[in-house]
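Enquirer: Below you'll find input_6.tsv; it's TSV, C-alpha atoms.
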chain	number	residue	atom	x	y	z
A	1	MET	CA	3.24	9.00	-1.00
A	2	LEU	CA	-0.50	8.44	-0.62
A	3	VAL	CA	-0.73	10.94	2.20
A	4	TYR	CA	1.33	13.45	0.23
A	5	TYR	CA	-0.98	13.36	-2.78
A	6	THR	CA	-4.00	13.47	-0.52
A	7	HIS	CA	-2.63	16.62	1.08
A	8	LEU	CA	-2.14	18.20	-2.33
A	9	LEU	CA	-5.72	17.32	-3.23
A	10	CYS	CA	-7.00	18.93	-0.05
A	11	MET	CA	-5.10	22.13	-0.81
A	12	ALA	CA	-6.52	22.23	-4.32
A	13	LEU	CA	-10.07	21.52	-3.28
A	14	ALA	CA	-9.86	24.04	-0.46
A	15	LYS	CA	-10.18	26.75	-3.09
A	16	TRP	CA	-13.65	25.39	-3.81
A	17	GLY	CA	-14.64	25.53	-0.15
A	18	PRO	CA	-18.41	25.99	-0.52
A	19	ILE	CA	-18.68	23.26	-3.16
A	20	LEU	CA	-16.68	20.71	-1.19
A	21	ILE	CA	-18.49	21.50	2.06
A	22	ALA	CA	-21.82	21.01	0.32
A	23	MET	CA	-20.76	17.67	-1.14
A	24	VAL	CA	-19.17	16.43	2.09
A	25	ALA	CA	-22.15	17.52	4.13
A	26	GLY	CA	-24.42	15.57	1.83
A	27	ASP	CA	-26.30	18.67	0.64
A	28	ALA	CA	-25.79	17.91	-3.03
A	29	GLY	CA	-29.29	16.50	-3.27
A	30	THR	CA	-31.00	19.57	-1.73
A	31	ASP	CA	-31.83	21.13	-5.05
A	32	HIS	CA	-33.19	17.84	-6.27
A	33	ALA	CA	-35.38	17.56	-3.19
A	34	ALA	CA	-36.70	21.07	-3.75
A	35	ASP	CA	-37.50	20.26	-7.37
A	36	SER	CA	-39.42	17.20	-6.17
A	37	GLY	CA	-41.67	19.29	-3.98
A	38	HIS	CA	-39.83	18.71	-0.71
A	39	GLY	CA	-38.57	22.22	-0.11
A	40	GLY	CA	-36.14	22.49	2.75
A	41	GLY	CA	-35.63	18.73	2.74
A	42	HIS	CA	-32.45	17.20	4.07
A	43	ASP	CA	-30.39	14.55	2.28
A	44	ASP	CA	-29.65	11.65	4.63
A	45	THR	CA	-26.90	10.23	2.39
A	46	PRO	CA	-23.70	9.58	4.41
A	47	PRO	CA	-20.95	12.10	3.62
A	48	HIS	CA	-18.21	10.92	1.25
A	49	LEU	CA	-15.32	12.66	-0.42
A	50	PRO	CA	-15.89	13.71	-4.05
A	51	ASN	CA	-14.83	11.09	-6.58
A	52	LEU	CA	-13.72	11.42	-10.18
A	53	ILE	CA	-17.06	10.41	-11.67
A	54	GLY	CA	-19.01	12.72	-9.38
A	55	MET	CA	-16.81	15.69	-10.24
A	56	LEU	CA	-17.01	14.99	-13.98
A	57	THR	CA	-20.79	14.58	-13.95
A	58	GLY	CA	-21.52	17.26	-11.35
A	59	GLY	CA	-23.07	14.69	-9.03
A	60	HIS	CA	-25.85	13.82	-11.49
A	61	GLY	CA	-26.38	11.52	-14.42
A	62	PHE	CA	-26.28	7.83	-15.25
A	63	LEU	CA	-22.64	7.23	-14.33
A	64	ASN	CA	-23.06	8.86	-10.94
A	65	ASP	CA	-25.84	6.39	-10.12
A	66	TRP	CA	-23.53	3.50	-10.99
A	67	VAL	CA	-20.36	4.85	-9.38
A	68	ASN	CA	-19.87	1.79	-7.14
A	69	ILE	CA	-20.20	-0.60	-10.09
A	70	VAL	CA	-17.84	1.48	-12.22
A	71	PHE	CA	-15.11	1.49	-9.56
A	72	ALA	CA	-15.70	-2.20	-8.76
A	73	PHE	CA	-15.24	-3.14	-12.42
A	74	ALA	CA	-12.23	-0.83	-12.70
A	75	VAL	CA	-10.55	-2.69	-9.83
A	76	ALA	CA	-11.40	-6.10	-11.35
A	77	ILE	CA	-10.14	-5.10	-14.81
A	78	SER	CA	-6.94	-3.67	-13.33
A	79	MET	CA	-6.26	-6.90	-11.45
A	80	CYS	CA	-6.85	-8.92	-14.64
A	81	ILE	CA	-4.45	-6.71	-16.60
A	82	ILE	CA	-1.76	-7.04	-13.93
A	83	ALA	CA	-2.18	-10.82	-13.86
A	84	LEU	CA	-1.95	-11.05	-17.66
A	85	ILE	CA	1.16	-8.86	-17.76
A	86	VAL	CA	2.91	-10.95	-15.12
A	87	TYR	CA	1.87	-14.21	-16.80
A	88	ARG	CA	2.88	-13.22	-20.32
A	89	LYS	CA	6.23	-11.74	-19.23
A	90	ARG	CA	7.08	-14.36	-16.61
A	91	GLN	CA	10.74	-15.34	-16.35
A	92	MET	CA	12.68	-18.05	-14.58
A	93	ILE	CA	14.59	-15.32	-12.76
A	94	PRO	CA	11.79	-12.87	-11.92
A	95	GLY	CA	12.15	-9.12	-12.16
A	96	PRO	CA	11.07	-6.78	-9.35
A	97	PHE	CA	7.42	-6.60	-10.45
A	98	GLN	CA	7.01	-10.35	-10.97
A	99	ASN	CA	8.85	-11.01	-7.73
A	100	ALA	CA	6.49	-8.70	-5.80
A	101	ILE	CA	3.40	-10.43	-7.22
A	102	GLU	CA	4.84	-13.87	-6.49
A	103	MET	CA	5.58	-12.83	-2.91
A	104	LEU	CA	1.97	-11.74	-2.44
A	105	VAL	CA	0.62	-14.99	-3.89
A	106	GLU	CA	3.05	-17.12	-1.89
A	107	GLY	CA	2.22	-15.24	1.31
A	108	MET	CA	-1.50	-15.83	0.74
A	109	TYR	CA	-0.88	-19.50	0.00
A	110	ASN	CA	1.18	-19.96	3.17
A	111	PHE	CA	-1.52	-18.25	5.22
A	112	LEU	CA	-4.28	-20.48	3.79
A	113	THR	CA	-2.12	-23.56	4.32
A	114	THR	CA	-2.24	-22.97	8.08
A	115	ILE	CA	-6.04	-23.34	7.87
A	116	LEU	CA	-6.75	-25.69	4.96
A	117	GLY	CA	-3.58	-27.77	5.01
A	118	LYS	CA	-2.98	-29.62	1.75
A	119	GLU	CA	-6.31	-28.33	0.41
A	120	ALA	CA	-4.93	-24.77	0.28
A	121	ARG	CA	-3.50	-25.20	-3.22
A	122	LYS	CA	-6.97	-25.97	-4.55
A	123	TYR	CA	-8.71	-22.96	-3.01
A	124	THR	CA	-5.97	-20.29	-3.04
A	125	PRO	CA	-6.96	-18.90	-6.48
A	126	PHE	CA	-10.50	-18.14	-5.31
A	127	LEU	CA	-9.72	-17.00	-1.76
A	128	GLY	CA	-6.57	-15.11	-2.73
A	129	THR	CA	-8.38	-13.23	-5.49
A	130	LEU	CA	-11.19	-12.46	-3.08
A	131	PHE	CA	-8.79	-11.03	-0.48
A	132	PHE	CA	-6.83	-8.79	-2.84
A	133	TYR	CA	-9.98	-7.65	-4.64
A	134	ILE	CA	-11.62	-6.57	-1.38
A	135	LEU	CA	-8.38	-5.00	-0.16
A	136	ILE	CA	-8.03	-2.82	-3.27
A	137	ASN	CA	-11.74	-1.97	-3.15
A	138	ASN	CA	-11.25	-0.77	0.43
A	139	TRP	CA	-8.07	1.19	-0.26
A	140	ILE	CA	-9.23	2.93	-3.41
A	141	GLY	CA	-11.60	5.06	-1.36
A	142	MET	CA	-8.61	6.76	0.28
A	143	ILE	CA	-6.97	7.67	-3.02
A	144	PRO	CA	-7.71	11.23	-4.19
A	145	LEU	CA	-10.79	11.23	-6.44
A	146	GLY	CA	-11.27	7.53	-5.76
A	147	HIS	CA	-14.28	5.78	-4.29
A	148	SER	CA	-14.56	2.53	-2.35
A	149	PRO	CA	-17.15	0.11	-3.80
A	150	SER	CA	-17.19	-1.57	-0.38
A	151	THR	CA	-19.34	1.31	0.86
A	152	SER	CA	-22.19	-0.17	-1.20
A	153	LEU	CA	-24.18	-2.97	0.40
A	154	ASN	CA	-24.99	-4.25	-3.09
A	155	VAL	CA	-21.30	-4.84	-3.80
A	156	THR	CA	-20.48	-6.47	-0.44
A	157	ALA	CA	-23.63	-8.61	-0.59
A	158	SER	CA	-22.73	-9.77	-4.10
A	159	MET	CA	-19.32	-10.97	-2.92
A	160	ALA	CA	-20.86	-12.64	0.13
A	161	ILE	CA	-23.41	-14.47	-2.03
A	162	ILE	CA	-20.61	-15.71	-4.30
A	163	VAL	CA	-18.79	-17.07	-1.23
A	164	PHE	CA	-22.03	-18.70	-0.02
A	165	LEU	CA	-22.69	-20.39	-3.38
A	166	TYR	CA	-19.05	-21.49	-3.71
A	167	ALA	CA	-19.10	-23.02	-0.21
A	168	GLN	CA	-22.35	-24.88	-0.93
A	169	TYR	CA	-20.99	-26.07	-4.27
A	170	THR	CA	-17.84	-27.29	-2.53
A	171	GLY	CA	-19.91	-29.17	0.04
A	172	ILE	CA	-22.06	-30.89	-2.58
A	173	ARG	CA	-19.08	-31.74	-4.80
A	174	ARG	CA	-16.88	-33.06	-2.01
A	175	LEU	CA	-19.51	-34.70	0.20
A	176	GLY	CA	-22.09	-35.71	-2.36
A	177	ILE	CA	-25.79	-34.93	-2.05
A	178	GLY	CA	-26.28	-37.42	0.78
A	179	GLY	CA	-23.21	-36.24	2.67
A	180	TYR	CA	-24.21	-32.61	2.19
A	181	PHE	CA	-27.62	-33.12	3.77
A	182	ASP	CA	-26.01	-35.29	6.45
A	183	HIS	CA	-23.76	-32.32	7.26
A	184	LEU	CA	-26.76	-29.98	7.49
A	185	ALA	CA	-28.50	-32.49	9.78
A	186	GLY	CA	-25.55	-32.39	12.19
A	187	SER	CA	-23.95	-35.68	11.07
A	188	PRO	CA	-26.17	-37.93	13.24
A	189	ARG	CA	-24.56	-41.20	14.28
A	190	ASP	CA	-26.66	-42.42	17.20
A	191	VAL	CA	-30.29	-42.50	18.36
A	192	VAL	CA	-30.09	-39.19	20.24
A	193	SER	CA	-28.53	-37.31	17.31
A	194	TYR	CA	-31.14	-38.75	14.92
A	195	CYS	CA	-33.87	-37.50	17.24
A	196	MET	CA	-32.24	-34.06	17.13
A	197	ILE	CA	-32.45	-33.80	13.32
A	198	PRO	CA	-35.73	-31.77	13.37
A	199	LEU	CA	-33.92	-29.20	15.51
A	200	MET	CA	-30.40	-29.34	14.05
A	201	PHE	CA	-31.38	-29.19	10.36
A	202	PRO	CA	-33.25	-25.83	10.59
A	203	LEU	CA	-30.51	-24.42	12.81
A	204	HIS	CA	-27.78	-25.39	10.35
A	205	LEU	CA	-29.84	-24.06	7.45
A	206	ILE	CA	-30.37	-20.72	9.20
A	207	SER	CA	-26.67	-20.63	10.03
A	208	GLU	CA	-25.69	-21.12	6.39
A	209	LEU	CA	-28.10	-18.40	5.23
A	210	ALA	CA	-26.86	-16.00	7.91
A	211	LYS	CA	-23.22	-16.27	6.78
A	212	PRO	CA	-23.52	-14.09	3.64
A	213	LEU	CA	-25.58	-11.58	5.60
A	214	SER	CA	-22.94	-11.21	8.31
A	215	LEU	CA	-20.10	-11.04	5.77
A	216	SER	CA	-21.73	-8.29	3.72
A	217	LEU	CA	-22.92	-6.16	6.64
A	218	ARG	CA	-19.59	-6.30	8.48
A	219	LEU	CA	-17.56	-5.17	5.47
A	220	PHE	CA	-20.10	-2.55	4.41
A	221	GLY	CA	-20.45	-1.04	7.88
A	222	ASN	CA	-16.74	-0.81	8.67
A	223	ILE	CA	-15.61	0.63	5.34
A	224	THR	CA	-18.53	3.08	5.19
A	225	GLY	CA	-17.74	4.31	8.70
A	226	GLU	CA	-14.07	4.71	7.78
A	227	ASP	CA	-14.84	6.72	4.63
A	228	VAL	CA	-17.40	8.89	6.42
A	229	LEU	CA	-14.91	9.65	9.20
A	230	ILE	CA	-12.26	10.80	6.72
A	231	ALA	CA	-14.80	12.84	4.74
A	232	VAL	CA	-16.07	14.60	7.85
A	233	PHE	CA	-12.57	15.63	8.95
A	234	VAL	CA	-11.70	16.81	5.43
A	235	GLY	CA	-14.85	18.93	5.61
A	236	PHE	CA	-13.79	20.31	9.01
A	237	GLY	CA	-10.33	21.17	7.68
A	238	VAL	CA	-11.79	23.02	4.69
A	239	ALA	CA	-14.47	24.75	6.75
A	240	ILE	CA	-11.95	26.12	9.26
A	241	LEU	CA	-10.08	27.92	6.48
A	242	ALA	CA	-12.88	28.23	3.97
A	243	PHE	CA	-11.53	31.55	2.62
A	244	SER	CA	-7.93	30.42	2.52
A	245	PRO	CA	-6.23	28.77	-0.47
A	246	VAL	CA	-5.11	25.91	1.81
A	247	GLY	CA	-7.26	23.81	4.15
A	248	ILE	CA	-6.10	22.06	7.31
A	249	PRO	CA	-5.45	18.32	6.63
A	250	LEU	CA	-7.16	17.09	9.80
A	251	GLN	CA	-7.76	13.71	8.18
A	252	PHE	CA	-4.05	12.76	8.13
A	253	PRO	CA	-4.07	10.47	11.21
A	254	PHE	CA	-7.18	8.68	9.98
A	255	TYR	CA	-5.53	7.61	6.74
A	256	PHE	CA	-3.15	5.36	8.67
A	257	LEU	CA	-6.07	4.01	10.70
A	258	GLY	CA	-8.05	3.52	7.48
A	259	LEU	CA	-5.23	1.56	5.82
A	260	LEU	CA	-5.05	-0.73	8.85
A	261	LEU	CA	-8.80	-1.24	9.18
A	262	SER	CA	-9.24	-1.78	5.44
A	263	THR	CA	-6.59	-4.51	5.52
A	264	VAL	CA	-8.11	-6.11	8.60
A	265	GLN	CA	-11.60	-6.14	7.06
A	266	ALA	CA	-10.34	-7.74	3.84
A	267	LEU	CA	-8.48	-10.33	5.90
A	268	VAL	CA	-11.52	-11.05	8.08
A	269	PHE	CA	-13.73	-11.51	5.00
A	270	ALA	CA	-11.23	-13.89	3.39
A	271	LEU	CA	-10.57	-15.72	6.67
A	272	LEU	CA	-14.26	-16.35	7.38
A	273	SER	CA	-14.77	-17.46	3.78
A	274	THR	CA	-11.91	-19.92	4.25
A	275	VAL	CA	-13.50	-21.29	7.42
A	276	TYR	CA	-16.87	-21.66	5.68
A	277	ILE	CA	-15.22	-23.73	2.94
A	278	LEU	CA	-13.24	-25.71	5.51
A	279	LEU	CA	-16.46	-26.71	7.29
A	280	MET	CA	-17.77	-28.13	4.03
A	281	LEU	CA	-14.77	-30.41	3.46
A	282	PRO	CA	-14.81	-34.08	4.54
A	283	HIS	CA	-13.41	-34.20	8.08
A	284	GLU	CA	-10.78	-36.80	7.30
A	285	GLU	CA	-9.42	-34.55	4.50
A	286	HIS	CA	-8.95	-31.30	6.38
A	287	GLU	CA	-7.52	-32.70	9.62
A	288	HIS	CA	-3.88	-31.66	9.88
Is it possible to express this structure as structure tokens?
Expert:
Amino acid sequence: MLVYYTHLLCMALAKWGPILIAMVAGDAGTDHAADSGHGGGHDDTPPHLPNLIGMLTGGHGFLNDWVNIVFAFAVAISMCIIALIVYRKRQMIPGPFQNAIEMLVEGMYNFLTTILGKEARKYTPFLGTLFFYILINNWIGMIPLGHSPSTSLNVTASMAIIVFLYAQYTGIRRLGIGGYFDHLAGSPRDVVSYCMIPLMFPLHLISELAKPLSLSLRLFGNITGEDVLIAVFVGFGVAILAFSPVGIPLQFPFYFLGLLLSTVQALVFALLSTVYILLMLPHEEHEH
């Protein structure tokens, strides 16, 4: 169904060949560059498909500057509405919609149980929400007139920082202040390990600070590359038949690849976040 509607969108936008090609090629800012005194300048913005906000605002204005935040909040609000609907209309014998949501939650819980053991129940709300939020953020960029907030480093970095703070909070709460710093020092238990504290403590500290950086850059880079690839092939399909009412949907195969990669990236983000939390738990509690 997604591919079908995407194909219809391509046929409709093919009629506006020059406009779409300009937007996909990243030339929308050329006029702005000329007005700024940089005549003949080239916009280095990565190509993306037109989104609803960009088409309504003509690529300019306040909303266009905040397009990633708008779509990110739209996804969050939609998830909250779905959760409230399911909660308020929950039944002992669930209907199809409630049953589908429960299957997703149960599947996420079972997956986290294989990593966290009995601790999974405590951390599934945070990690499960994180996974589905990132997944929808990734997928929405492949919906006609949609845009993926994951193509913004600000959005991915914000989620990574939340994971970092939550992991540190978990470590302090579960280990205590002394146990937390003991963990960062490498848990020294003998003379040699105590002598290694000046080396191990900075290394562990750098490692903790590098985690949000790696999380944000990995998600941002993969989803941006996926969206750019689809946009470029949509542009090729329109350019080939620029004077025809129908473009060639060259991007079709990449939608299936995009769905797979988007799911994998959301899973990787959630999985690494789970491991980061696991490392902060007392060892005797997460052995299973």
Enquirer: Extract, using all atoms listed in the file, all DNA, RNA and protein residues at most 9 Å from range 205-215 of chain A, discarding same-chain residues fewer than 4 positions from it, and format them as a PDB file with C-alpha atoms, in the frame of the given file.
Expert:
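Okay, this is what ended up in result.pdb:
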ATOM      1  CA  THR A 156     -20.480  -6.470  -0.440  1.00  0.00           C
ATOM      2  CA  ALA A 157     -23.630  -8.610  -0.590  1.00  0.00           C
ATOM      3  CA  SER A 158     -22.730  -9.770  -4.100  1.00  0.00           C
ATOM      4  CA  MET A 159     -19.320 -10.970  -2.920  1.00  0.00           C
ATOM      5  CA  ALA A 160     -20.860 -12.640   0.130  1.00  0.00           C
ATOM      6  CA  ILE A 161     -23.410 -14.470  -2.030  1.00  0.00           C
ATOM      7  CA  ILE A 162     -20.610 -15.710  -4.300  1.00  0.00           C
ATOM      8  CA  VAL A 163     -18.790 -17.070  -1.230  1.00  0.00           C
ATOM      9  CA  PHE A 164     -22.030 -18.700  -0.020  1.00  0.00           C
ATOM     10  CA  GLN A 168     -22.350 -24.880  -0.930  1.00  0.00           C
ATOM     11  CA  LEU A 184     -26.760 -29.980   7.490  1.00  0.00           C
ATOM     12  CA  ALA A 185     -28.500 -32.490   9.780  1.00  0.00           C
ATOM     13  CA  MET A 200     -30.400 -29.340  14.050  1.00  0.00           C
ATOM     14  CA  PHE A 201     -31.380 -29.190  10.360  1.00  0.00           C
ATOM     15  CA  LEU A 219     -17.560  -5.170   5.470  1.00  0.00           C
ATOM     16  CA  PHE A 220     -20.100  -2.550   4.410  1.00  0.00           C
ATOM     17  CA  VAL A 268     -11.520 -11.050   8.080  1.00  0.00           C
ATOM     18  CA  PHE A 269     -13.730 -11.510   5.000  1.00  0.00           C
ATOM     19  CA  LEU A 272     -14.260 -16.350   7.380  1.00  0.00           C
ATOM     20  CA  SER A 273     -14.770 -17.460   3.780  1.00  0.00           C
ATOM     21  CA  TYR A 276     -16.870 -21.660   5.680  1.00  0.00           C
TER      22      TYR A 276
END
Enquirer: Please measure the separation of CA of Ala231 in chain A and CA of Pro144 in chain A, giving the value in Å to one decimal.
Expert: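 Straight-line distance from CA of Ala231 in chain A to CA of Pro144 in chain A works out to 11.5 Å.
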Enquirer: So, counting all atoms listed in the file, which residue among A:Val228, A:Leu175, A:Leu257, A:Ala76 is closest to Met280 in chain A?
Expert: A:Leu175
Enquirer: Each side padded by 5 Å, which centre and which edge lengths in Å (one decimal) define the axis-aligned box around the listed atoms of range 131-139 of chain A? Give them as JSON.
Expert:
{"center_x": -9.3, "center_y": -4.9, "center_z": -2.1, "size_x": 14.9, "size_y": 22.2, "size_z": 15.1}
Enquirer: For each of A:Leu261, A:Leu104, A:Leu241, A:Leu49, take the minimum atom-to-atom distance to Phe132 in chain A, counting all atoms listed in the file, then give the residue where this is smallest.
Expert: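 Between A:Leu261, A:Leu104, A:Leu241, A:Leu49, the residue approaching Phe132 in chain A most closely is A:Leu104.
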Enquirer: Could you jot down the CA of Met142 in chain A to CA of Leu259 in chain A separation for me, Å, one decimal place?
Expert: 8.3 Å
Enquirer: What is the CA of Thr263 in chain A to CA of Arg218 in chain A distance in Å?
Expert: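 Taking CA of Thr263 in chain A as the start and CA of Arg218 in chain A as the end point, the length is 13.5 Å.
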Enquirer: Name the residues in contact with Lys122 in chain A at a cut-off of 12 Å, using all atoms listed in the file, excluding same-chain residues fewer than 4 positions from it; report them as a PyMOL selection string.
Expert: chain A and resi 109+112-113+116-118+126-128+170+274+277-278
Enquirer: Applying 9 Å and only C-alpha atoms, which residues near Asn137 in chain A remain after dropping the ones on its own chain fewer than 4 positions away? List them as a short mmCIF file (atom, residue, chain, number, x, y, z; two decimals) with C-alpha atoms, in the coordinates of the input.
Expert:
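around-v4.cif was written with the following content:
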data_model
loop_
_atom_site.label_atom_id
_atom_site.label_comp_id
_atom_site.auth_asym_id
_atom_site.auth_seq_id
_atom_site.Cartn_x
_atom_site.Cartn_y
_atom_site.Cartn_z
CA PHE A 71 -15.11 1.49 -9.56
CA ALA A 72 -15.70 -2.20 -8.76
CA VAL A 75 -10.55 -2.69 -9.83
CA PHE A 132 -6.83 -8.79 -2.84
CA TYR A 133 -9.98 -7.65 -4.64
CA GLY A 141 -11.60 5.06 -1.36
CA HIS A 147 -14.28 5.78 -4.29
CA SER A 148 -14.56 2.53 -2.35
CA PRO A 149 -17.15 0.11 -3.80
CA SER A 150 -17.19 -1.57 -0.38
CA SER A 262 -9.24 -1.78 5.44
#
Enquirer: For a quick check of understanding, using all atoms listed in the file, which of A:Phe62, A:Tyr123, A:Phe252, A:Phe181 has the smallest distance to Ile230 in chain A?
Expert: A:Phe252
Enquirer: Counting only C-alpha atoms, what is within 12 Å of Gly146 in chain A, bar same-chain residues fewer than 3 positions away, as number ranges by chain?
Expert: A: 2, 6, 9, 48-55, 67-68, 70-72, 74-75, 136-143, 149, 227
